[in-house]
Amino acid sequence: MVDVVKISDELVIGGKEFIIIAGPCAVESEEQMESIGKFLSGLGIKILRGGAFKPRTSPNAFQGLGMDGLKILKDIRNRYNLKVVSEIMDPRDVEKAYEYIDIYQVGSRNMQNYSLLKEVGRADKPILLKRGMGATIDEWVKASEYIRIEGNDRIIFCERGIRTFEDYTRNTLDLVSIPIIQSKTKCPIIVDPSHGTGRKELVLPSSKAALAIGANGIMIEVHPNPESALSDGFQSLNFREFADLFERITNMERVL
Ligand code: PEP
Ligand code: MN
């Protein structure tokens, strides 16, 4: 059993409910987010993901809409009564982003950005701490201590795969980290099968595995038209594929 992390008066992560977070890799436009917000809230999704600050391998790739993206997220959050998780890369943006999002995401590339960890540690909002792609479990846990030591214990871990010699998948999804993190830290942990596999056809099987191994939820990339997505379209589900996953996962029995 883990300690629950409160997101709002009605919503916790780490409780009985298996939380399904969904949304696009990146916030691209108002129209895109409007269609996603409408679709996801219609299904009963409570937490929307979407990057406004995108950590891209190439500086020439789409970097996200920045503050404009956060404003779009806030609009959709209010219109559809969703909570929002979004990545912050720069400690200077933590305060600026405060009113726009409900959960700060620390991405894989920043798991050991100690200035950022300390800054979000001083914020009174939950933190989604993704695993560094080259981080051991011990390094990941120690990174979380940087947040906790500043006074913030609302930490949710996110297993998103690690780099191994295997290159069929984008990363190797290390599902045994789930029970290990839960017992070592008492924090909830969710799985990101989209980045963890980098292949849309593997998102459903790894979501099932995440639920079976006892994860507290999953986070899935969804896009109205993955072929034209500005980032990570190859691993994003379209609405029909996501609705199918949602139905299958919510019908699975969760044995803890
Ligand atoms: C993301 O979730 O938007 C993301 C960039 O993932 P990661 O940091 O795990 O690569
Ligand atoms: Mn992505």
# chains A, B, ... in the order shown; residues from 1 in each chain; ligands from 1

call {"tool": "residues_near_ligand", "arguments": {"ligand": "ligand 1", "cutoff": "8 Å", "atoms": "only C-alpha atoms and all ligand atoms", "output": "compact mmCIF listing (two decimals) with N, CA and C atoms, in the first residue's frame"}}
result
# COMPACT_ATOMS: atom_id res chain seq x y z
N CYS A 25 1.05 14.61 -26.74
CA CYS A 25 2.43 14.87 -26.35
C CYS A 25 2.56 16.37 -26.10
N ALA A 26 2.14 17.16 -27.09
CA ALA A 26 2.30 18.62 -26.98
C ALA A 26 0.99 19.33 -27.25
N GLY A 50 -0.39 17.31 -21.39
CA GLY A 50 -0.10 18.08 -22.60
C GLY A 50 1.11 18.96 -22.32
N GLY A 51 2.13 18.85 -23.17
CA GLY A 51 3.35 19.62 -22.95
C GLY A 51 3.28 20.99 -23.59
N LYS A 54 8.51 21.73 -24.41
CA LYS A 54 8.88 20.40 -24.88
C LYS A 54 10.39 20.22 -24.92
N PRO A 55 10.89 19.21 -24.23
CA PRO A 55 12.33 18.93 -24.28
C PRO A 55 12.66 18.09 -25.52
N ARG A 56 13.02 18.72 -26.62
CA ARG A 56 13.23 17.97 -27.87
C ARG A 56 14.70 17.70 -28.11
N SER A 86 1.53 19.05 -16.67
CA SER A 86 2.35 19.56 -17.76
C SER A 86 3.80 19.74 -17.28
N GLU A 87 4.72 19.55 -18.21
CA GLU A 87 6.14 19.57 -17.84
C GLU A 87 6.69 20.99 -17.72
N GLN A 105 5.06 18.38 -13.93
CA GLN A 105 5.81 17.20 -14.40
C GLN A 105 7.29 17.55 -14.51
N VAL A 106 8.12 16.69 -13.89
CA VAL A 106 9.56 16.79 -14.12
C VAL A 106 9.89 15.65 -15.09
N GLY A 107 10.41 16.00 -16.25
CA GLY A 107 10.61 15.02 -17.30
C GLY A 107 11.87 14.20 -17.12
N SER A 108 11.96 13.17 -17.94
CA SER A 108 13.08 12.22 -17.86
C SER A 108 14.43 12.92 -17.93
N ARG A 109 14.53 13.88 -18.83
CA ARG A 109 15.82 14.56 -19.03
C ARG A 109 16.19 15.48 -17.87
N ASN A 110 15.24 15.77 -17.03
CA ASN A 110 15.49 16.68 -15.90
C ASN A 110 15.42 16.00 -14.54
N LYS A 130 9.23 11.83 -13.47
CA LYS A 130 9.50 10.76 -14.42
C LYS A 130 10.91 10.22 -14.20
N ARG A 131 11.08 8.96 -14.55
CA ARG A 131 12.39 8.33 -14.37
C ARG A 131 13.36 8.81 -15.45
N GLY A 132 14.56 9.16 -15.03
CA GLY A 132 15.60 9.49 -16.00
C GLY A 132 15.85 8.29 -16.89
N MET A 133 16.04 8.51 -18.18
CA MET A 133 16.17 7.35 -19.08
C MET A 133 17.44 6.53 -18.80
N ARG A 160 8.90 5.42 -17.20
CA ARG A 160 8.74 5.76 -18.62
C ARG A 160 9.78 5.05 -19.49
N GLY A 161 10.39 4.00 -18.93
CA GLY A 161 11.34 3.23 -19.72
C GLY A 161 12.75 3.76 -19.59
N ASP A 192 4.08 5.17 -18.03
CA ASP A 192 3.89 5.86 -19.30
C ASP A 192 4.27 4.90 -20.43
N HIS A 195 5.86 6.63 -24.03
CA HIS A 195 7.31 6.82 -24.14
C HIS A 195 8.07 5.54 -23.80
N GLY A 196 7.46 4.71 -22.94
CA GLY A 196 8.13 3.48 -22.51
C GLY A 196 8.36 2.50 -23.65

call {"tool": "residues_around", "arguments": {"residues": "Asp138 (chain A)", "least_positions_apart": "5", "cutoff": "12 Å", "atoms": "only C-alpha atoms", "output": "CSV table (one decimal) with C-alpha atoms, in the first residue's frame"}}
result
chain,number,residue,atom,x,y,z
A,131,ARG,CA,12.4,8.3,-14.4
A,132,GLY,CA,15.6,9.5,-16.0
A,143,ALA,CA,16.1,12.6,-6.9
A,144,SER,CA,12.7,12.5,-5.1
A,145,GLU,CA,14.4,13.2,-1.8
A,177,SER,CA,10.3,-0.7,-10.7
A,180,ILE,CA,10.1,-1.6,-5.8
A,181,ILE,CA,9.2,2.2,-5.8
A,184,LYS,CA,10.8,1.8,-0.9
A,185,THR,CA,9.0,5.2,-0.9

call {"tool": "atom_distance", "arguments": {"atom1": "CA of Lys71 (chain A)", "atom2": "CA of Ser41 (chain A)"}}
result
18.5 Å

call {"tool": "residues_around", "arguments": {"residues": "region 75-80 of chain A", "least_positions_apart": "6", "cutoff": "12 Å", "atoms": "only C-alpha atoms", "output": "PyMOL selection string"}}
result
chain A and resi 23+27+29-50+68-69+86+99-102

call {"tool": "write_last_selection", "arguments": {"atoms": "C-alpha atoms", "output": "PDB file, in the first residue's frame"}}
result
ATOM      1  CA  GLY A  23      -3.680  13.844 -23.734  1.00  0.00           C
ATOM      2  CA  VAL A  27      -0.284  21.362 -26.884  1.00  0.00           C
ATOM      3  CA  SER A  29      -3.455  24.693 -30.890  1.00  0.00           C
ATOM      4  CA  GLU A  30      -6.747  25.692 -29.287  1.00  0.00           C
ATOM      5  CA  GLU A  31      -8.684  23.556 -31.780  1.00  0.00           C
ATOM      6  CA  GLN A  32      -6.583  20.477 -31.084  1.00  0.00           C
ATOM      7  CA  MET A  33      -6.992  20.864 -27.314  1.00  0.00           C
ATOM      8  CA  GLU A  34     -10.692  21.617 -27.575  1.00  0.00           C
ATOM      9  CA  SER A  35     -11.333  18.387 -29.444  1.00  0.00           C
ATOM     10  CA  ILE A  36      -9.147  16.387 -27.047  1.00  0.00           C
ATOM     11  CA  GLY A  37     -10.694  17.956 -23.924  1.00  0.00           C
ATOM     12  CA  LYS A  38     -14.191  17.259 -25.162  1.00  0.00           C
ATOM     13  CA  PHE A  39     -13.390  13.678 -26.115  1.00  0.00           C
ATOM     14  CA  LEU A  40     -11.534  12.776 -22.919  1.00  0.00           C
ATOM     15  CA  SER A  41     -13.953  14.392 -20.493  1.00  0.00           C
ATOM     16  CA  GLY A  42     -16.788  12.637 -22.349  1.00  0.00           C
ATOM     17  CA  LEU A  43     -15.138   9.302 -21.555  1.00  0.00           C
ATOM     18  CA  GLY A  44     -14.720  10.216 -17.892  1.00  0.00           C
ATOM     19  CA  ILE A  45     -10.994  11.023 -17.891  1.00  0.00           C
ATOM     20  CA  LYS A  46     -10.133  13.331 -14.996  1.00  0.00           C
ATOM     21  CA  ILE A  47      -6.536  14.333 -15.696  1.00  0.00           C
ATOM     22  CA  LEU A  48      -5.342  15.813 -18.979  1.00  0.00           C
ATOM     23  CA  ARG A  49      -1.679  15.766 -20.040  1.00  0.00           C
ATOM     24  CA  GLY A  50      -0.097  18.084 -22.601  1.00  0.00           C
ATOM     25  CA  ASP A  68       0.601  30.293 -24.740  1.00  0.00           C
ATOM     26  CA  GLY A  69       0.287  26.525 -24.422  1.00  0.00           C
ATOM     27  CA  SER A  86       2.354  19.563 -17.758  1.00  0.00           C
ATOM     28  CA  GLU A  99      -2.029  29.100 -11.930  1.00  0.00           C
ATOM     29  CA  TYR A 100      -2.211  27.081 -15.150  1.00  0.00           C
ATOM     30  CA  ILE A 101      -1.548  23.536 -14.053  1.00  0.00           C
ATOM     31  CA  ASP A 102      -2.432  21.157 -11.232  1.00  0.00           C
TER      32      ASP A 102
END

call {"tool": "closest_residue", "arguments": {"among": "A:Arg122, A:Lys16, A:Lys74, A:Arg170", "to": "ligand 2", "atoms": "only C-alpha atoms and all ligand atoms"}}
result
A:Arg170

call {"tool": "select_by_dssp", "arguments": {"residues": "region 79-241 of chain A", "states": "strand (DSSP E)", "output": "PDB file with N, CA and C atoms, in the first residue's frame"}}
result
ATOM      1  N   LYS A  83      -8.261  18.129 -14.477  1.00  0.00           N
ATOM      2  CA  LYS A  83      -7.010  18.554 -13.868  1.00  0.00           C
ATOM      3  C   LYS A  83      -5.933  18.419 -14.946  1.00  0.00           C
ATOM      4  N   VAL A  84      -4.879  19.203 -14.802  1.00  0.00           N
ATOM      5  CA  VAL A  84      -3.878  19.255 -15.869  1.00  0.00           C
ATOM      6  C   VAL A  84      -2.484  18.937 -15.328  1.00  0.00           C
ATOM      7  N   VAL A  85      -1.767  18.061 -16.056  1.00  0.00           N
ATOM      8  CA  VAL A  85      -0.349  17.827 -15.750  1.00  0.00           C
ATOM      9  C   VAL A  85       0.474  18.277 -16.949  1.00  0.00           C
ATOM     10  N   SER A  86       1.533  19.051 -16.668  1.00  0.00           N
ATOM     11  CA  SER A  86       2.354  19.563 -17.758  1.00  0.00           C
ATOM     12  C   SER A  86       3.797  19.738 -17.279  1.00  0.00           C
ATOM     13  N   GLU A  87       4.718  19.548 -18.211  1.00  0.00           N
ATOM     14  CA  GLU A  87       6.139  19.569 -17.839  1.00  0.00           C
ATOM     15  C   GLU A  87       6.694  20.989 -17.720  1.00  0.00           C
ATOM     16  N   ILE A 103      -0.578  19.661 -11.673  1.00  0.00           N
ATOM     17  CA  ILE A 103       0.531  18.765 -11.306  1.00  0.00           C
ATOM     18  C   ILE A 103       1.736  19.173 -12.152  1.00  0.00           C
ATOM     19  N   TYR A 104       2.839  19.469 -11.498  1.00  0.00           N
ATOM     20  CA  TYR A 104       4.068  19.776 -12.233  1.00  0.00           C
ATOM     21  C   TYR A 104       4.735  18.465 -12.657  1.00  0.00           C
ATOM     22  N   GLN A 105       5.062  18.377 -13.932  1.00  0.00           N
ATOM     23  CA  GLN A 105       5.810  17.205 -14.396  1.00  0.00           C
ATOM     24  C   GLN A 105       7.291  17.555 -14.506  1.00  0.00           C
ATOM     25  N   VAL A 106       8.116  16.692 -13.893  1.00  0.00           N
ATOM     26  CA  VAL A 106       9.565  16.785 -14.117  1.00  0.00           C
ATOM     27  C   VAL A 106       9.888  15.654 -15.091  1.00  0.00           C
ATOM     28  N   ILE A 127       3.842  16.652  -7.663  1.00  0.00           N
ATOM     29  CA  ILE A 127       4.888  16.543  -8.677  1.00  0.00           C
ATOM     30  C   ILE A 127       4.838  15.155  -9.314  1.00  0.00           C
ATOM     31  N   LEU A 128       4.853  15.113 -10.630  1.00  0.00           N
ATOM     32  CA  LEU A 128       4.999  13.844 -11.337  1.00  0.00           C
ATOM     33  C   LEU A 128       6.467  13.732 -11.736  1.00  0.00           C
ATOM     34  N   LEU A 129       7.175  12.820 -11.081  1.00  0.00           N
ATOM     35  CA  LEU A 129       8.618  12.696 -11.290  1.00  0.00           C
ATOM     36  C   LEU A 129       8.904  11.514 -12.212  1.00  0.00           C
ATOM     37  N   LYS A 130       9.225  11.834 -13.466  1.00  0.00           N
ATOM     38  CA  LYS A 130       9.500  10.762 -14.425  1.00  0.00           C
ATOM     39  C   LYS A 130      10.907  10.216 -14.199  1.00  0.00           C
ATOM     40  N   ILE A 155       4.508  13.428  -4.074  1.00  0.00           N
ATOM     41  CA  ILE A 155       5.320  12.972  -5.207  1.00  0.00           C
ATOM     42  C   ILE A 155       4.689  11.721  -5.821  1.00  0.00           C
ATOM     43  N   ILE A 156       4.530  11.778  -7.138  1.00  0.00           N
ATOM     44  CA  ILE A 156       4.037  10.612  -7.884  1.00  0.00           C
ATOM     45  C   ILE A 156       5.154  10.223  -8.839  1.00  0.00           C
ATOM     46  N   PHE A 157       5.611   8.998  -8.773  1.00  0.00           N
ATOM     47  CA  PHE A 157       6.657   8.538  -9.688  1.00  0.00           C
ATOM     48  C   PHE A 157       6.022   8.138 -11.023  1.00  0.00           C
ATOM     49  N   CYS A 158       6.818   8.186 -12.074  1.00  0.00           N
ATOM     50  CA  CYS A 158       6.324   7.723 -13.380  1.00  0.00           C
ATOM     51  C   CYS A 158       7.419   6.934 -14.085  1.00  0.00           C
ATOM     52  N   GLU A 159       7.181   5.635 -14.247  1.00  0.00           N
ATOM     53  CA  GLU A 159       8.105   4.766 -14.995  1.00  0.00           C
ATOM     54  C   GLU A 159       7.860   5.007 -16.488  1.00  0.00           C
ATOM     55  N   ILE A 189       2.902   5.293  -8.012  1.00  0.00           N
ATOM     56  CA  ILE A 189       3.684   5.306  -9.253  1.00  0.00           C
ATOM     57  C   ILE A 189       2.778   4.941 -10.427  1.00  0.00           C
ATOM     58  N   ILE A 190       2.896   5.704 -11.490  1.00  0.00           N
ATOM     59  CA  ILE A 190       2.137   5.411 -12.708  1.00  0.00           C
ATOM     60  C   ILE A 190       3.129   5.018 -13.815  1.00  0.00           C
ATOM     61  N   VAL A 191       2.573   4.486 -14.891  1.00  0.00           N
ATOM     62  CA  VAL A 191       3.407   4.022 -16.006  1.00  0.00           C
ATOM     63  C   VAL A 191       3.054   4.828 -17.255  1.00  0.00           C
ATOM     64  N   GLY A 217      -1.631   3.848 -11.888  1.00  0.00           N
ATOM     65  CA  GLY A 217      -2.266   4.457 -13.045  1.00  0.00           C
ATOM     66  C   GLY A 217      -1.361   4.397 -14.254  1.00  0.00           C
ATOM     67  N   ILE A 218      -1.846   4.995 -15.335  1.00  0.00           N
ATOM     68  CA  ILE A 218      -1.051   5.080 -16.569  1.00  0.00           C
ATOM     69  C   ILE A 218      -1.221   6.475 -17.154  1.00  0.00           C
ATOM     70  N   MET A 219      -0.290   6.848 -18.025  1.00  0.00           N
ATOM     71  CA  MET A 219      -0.405   8.124 -18.737  1.00  0.00           C
ATOM     72  C   MET A 219      -0.175   7.828 -20.220  1.00  0.00           C
ATOM     73  N   ILE A 220      -1.160   8.202 -21.042  1.00  0.00           N
ATOM     74  CA  ILE A 220      -1.173   7.782 -22.445  1.00  0.00           C
ATOM     75  C   ILE A 220      -1.230   9.003 -23.378  1.00  0.00           C
ATOM     76  N   GLU A 221      -0.439   8.942 -24.442  1.00  0.00           N
ATOM     77  CA  GLU A 221      -0.505  10.016 -25.440  1.00  0.00           C
ATOM     78  C   GLU A 221      -1.626   9.747 -26.447  1.00  0.00           C
TER      79      GLU A 221
END

call {"tool": "residues_around", "arguments": {"residues": "Lys118 (chain A)", "least_positions_apart": "4", "cutoff": "9 Å", "atoms": "only C-alpha atoms", "output": "list in words"}}
result
Pro91, Asn113, Tyr114, Arg122, Tyr146, Ile147, Arg148, Ile149 and Glu150 of chain A

call {"tool": "write_last_selection", "arguments": {"atoms": "C-alpha atoms", "output": "PDB file, in the first residue's frame"}}
result
ATOM      1  CA  PRO A  91      13.070  26.539 -12.387  1.00  0.00           C
ATOM      2  CA  ASN A 113      18.218  18.759 -12.455  1.00  0.00           C
ATOM      3  CA  TYR A 114      18.649  19.519  -8.785  1.00  0.00           C
ATOM      4  CA  ARG A 122       8.951  24.459  -2.536  1.00  0.00           C
ATOM      5  CA  TYR A 146      15.449  16.610  -3.242  1.00  0.00           C
ATOM      6  CA  ILE A 147      11.756  17.447  -3.601  1.00  0.00           C
ATOM      7  CA  ARG A 148      10.747  16.040  -0.245  1.00  0.00           C
ATOM      8  CA  ILE A 149      13.525  17.772   1.668  1.00  0.00           C
ATOM      9  CA  GLU A 150      12.138  21.149   0.576  1.00  0.00           C
TER      10      GLU A 150
END

call {"tool": "closest_residue", "arguments": {"among": "A:Glu139, A:Glu17, A:Asp232, A:Glu28", "to": "ligand 2", "atoms": "only C-alpha atoms and all ligand atoms"}}
result
A:Asp232

call {"tool": "select_by_dssp", "arguments": {"residues": "region 22-208 of chain A", "states": "alpha helix (DSSP H)", "output": "PyMOL selection string"}}
result
chain A and resi 30-43+67-80+93-97+114-121+137-149+177-185+193-197+203-208

call {"tool": "write_last_selection", "arguments": {"atoms": "C-alpha atoms", "output": "mmCIF file, in the first residue's frame"}}
result
data_model
loop_
_atom_site.group_PDB
_atom_site.id
_atom_site.type_symbol
_atom_site.label_atom_id
_atom_site.label_comp_id
_atom_site.auth_asym_id
_atom_site.auth_seq_id
_atom_site.Cartn_x
_atom_site.Cartn_y
_atom_site.Cartn_z
ATOM 1 C CA GLU A 30 -6.747 25.692 -29.287
ATOM 2 C CA GLU A 31 -8.684 23.556 -31.780
ATOM 3 C CA GLN A 32 -6.583 20.477 -31.084
ATOM 4 C CA MET A 33 -6.992 20.864 -27.314
ATOM 5 C CA GLU A 34 -10.692 21.617 -27.575
ATOM 6 C CA SER A 35 -11.333 18.387 -29.444
ATOM 7 C CA ILE A 36 -9.147 16.387 -27.047
ATOM 8 C CA GLY A 37 -10.694 17.956 -23.924
ATOM 9 C CA LYS A 38 -14.191 17.259 -25.162
ATOM 10 C CA PHE A 39 -13.390 13.678 -26.115
ATOM 11 C CA LEU A 40 -11.534 12.776 -22.919
ATOM 12 C CA SER A 41 -13.953 14.392 -20.493
ATOM 13 C CA GLY A 42 -16.788 12.637 -22.349
ATOM 14 C CA LEU A 43 -15.138 9.302 -21.555
ATOM 15 C CA MET A 67 3.164 30.148 -21.898
ATOM 16 C CA ASP A 68 0.601 30.293 -24.740
ATOM 17 C CA GLY A 69 0.287 26.525 -24.422
ATOM 18 C CA LEU A 70 -0.283 26.798 -20.680
ATOM 19 C CA LYS A 71 -3.071 29.335 -21.292
ATOM 20 C CA ILE A 72 -4.779 26.927 -23.663
ATOM 21 C CA LEU A 73 -4.474 24.155 -21.069
ATOM 22 C CA LYS A 74 -6.041 26.339 -18.407
ATOM 23 C CA ASP A 75 -8.990 27.167 -20.680
ATOM 24 C CA ILE A 76 -9.642 23.521 -21.436
ATOM 25 C CA ARG A 77 -9.220 22.577 -17.792
ATOM 26 C CA ASN A 78 -11.892 25.073 -16.792
ATOM 27 C CA ARG A 79 -14.253 24.261 -19.638
ATOM 28 C CA TYR A 80 -14.196 20.497 -19.109
ATOM 29 C CA ASP A 93 8.873 28.795 -14.905
ATOM 30 C CA VAL A 94 7.613 27.029 -11.768
ATOM 31 C CA GLU A 95 6.015 30.148 -10.318
ATOM 32 C CA LYS A 96 4.823 31.408 -13.717
ATOM 33 C CA ALA A 97 3.063 28.121 -14.431
ATOM 34 C CA TYR A 114 18.649 19.519 -8.785
ATOM 35 C CA SER A 115 17.778 23.224 -9.056
ATOM 36 C CA LEU A 116 14.469 22.298 -10.658
ATOM 37 C CA LEU A 117 13.794 19.566 -8.085
ATOM 38 C CA LYS A 118 14.397 22.007 -5.230
ATOM 39 C CA GLU A 119 12.175 24.632 -6.841
ATOM 40 C CA VAL A 120 9.216 22.271 -7.312
ATOM 41 C CA GLY A 121 9.906 21.010 -3.795
ATOM 42 C CA ILE A 137 15.973 3.082 -9.206
ATOM 43 C CA ASP A 138 18.219 4.283 -6.398
ATOM 44 C CA GLU A 139 19.119 7.495 -8.286
ATOM 45 C CA TRP A 140 15.442 8.066 -8.996
ATOM 46 C CA VAL A 141 14.502 7.677 -5.333
ATOM 47 C CA LYS A 142 17.312 10.047 -4.313
ATOM 48 C CA ALA A 143 16.055 12.598 -6.851
ATOM 49 C CA SER A 144 12.663 12.458 -5.134
ATOM 50 C CA GLU A 145 14.364 13.241 -1.826
ATOM 51 C CA TYR A 146 15.449 16.610 -3.242
ATOM 52 C CA ILE A 147 11.756 17.447 -3.601
ATOM 53 C CA ARG A 148 10.747 16.040 -0.245
ATOM 54 C CA ILE A 149 13.525 17.772 1.668
ATOM 55 C CA SER A 177 10.309 -0.742 -10.733
ATOM 56 C CA ILE A 178 6.632 -0.359 -9.750
ATOM 57 C CA PRO A 179 6.529 -2.648 -6.691
ATOM 58 C CA ILE A 180 10.070 -1.583 -5.783
ATOM 59 C CA ILE A 181 9.240 2.152 -5.763
ATOM 60 C CA GLN A 182 5.999 1.518 -3.885
ATOM 61 C CA SER A 183 7.703 -0.423 -1.133
ATOM 62 C CA LYS A 184 10.800 1.803 -0.884
ATOM 63 C CA THR A 185 9.032 5.182 -0.936
ATOM 64 C CA PRO A 193 3.581 3.133 -21.946
ATOM 65 C CA SER A 194 3.730 5.696 -24.785
ATOM 66 C CA HIS A 195 7.314 6.820 -24.140
ATOM 67 C CA GLY A 196 8.125 3.484 -22.514
ATOM 68 C CA THR A 197 7.648 1.611 -25.777
ATOM 69 C CA VAL A 203 0.607 0.748 -25.546
ATOM 70 C CA LEU A 204 -2.391 -1.487 -24.752
ATOM 71 C CA PRO A 205 -0.407 -4.617 -23.758
ATOM 72 C CA SER A 206 1.906 -2.583 -21.523
ATOM 73 C CA SER A 207 -1.051 -0.765 -19.977
ATOM 74 C CA LYS A 208 -2.543 -4.136 -19.042
#
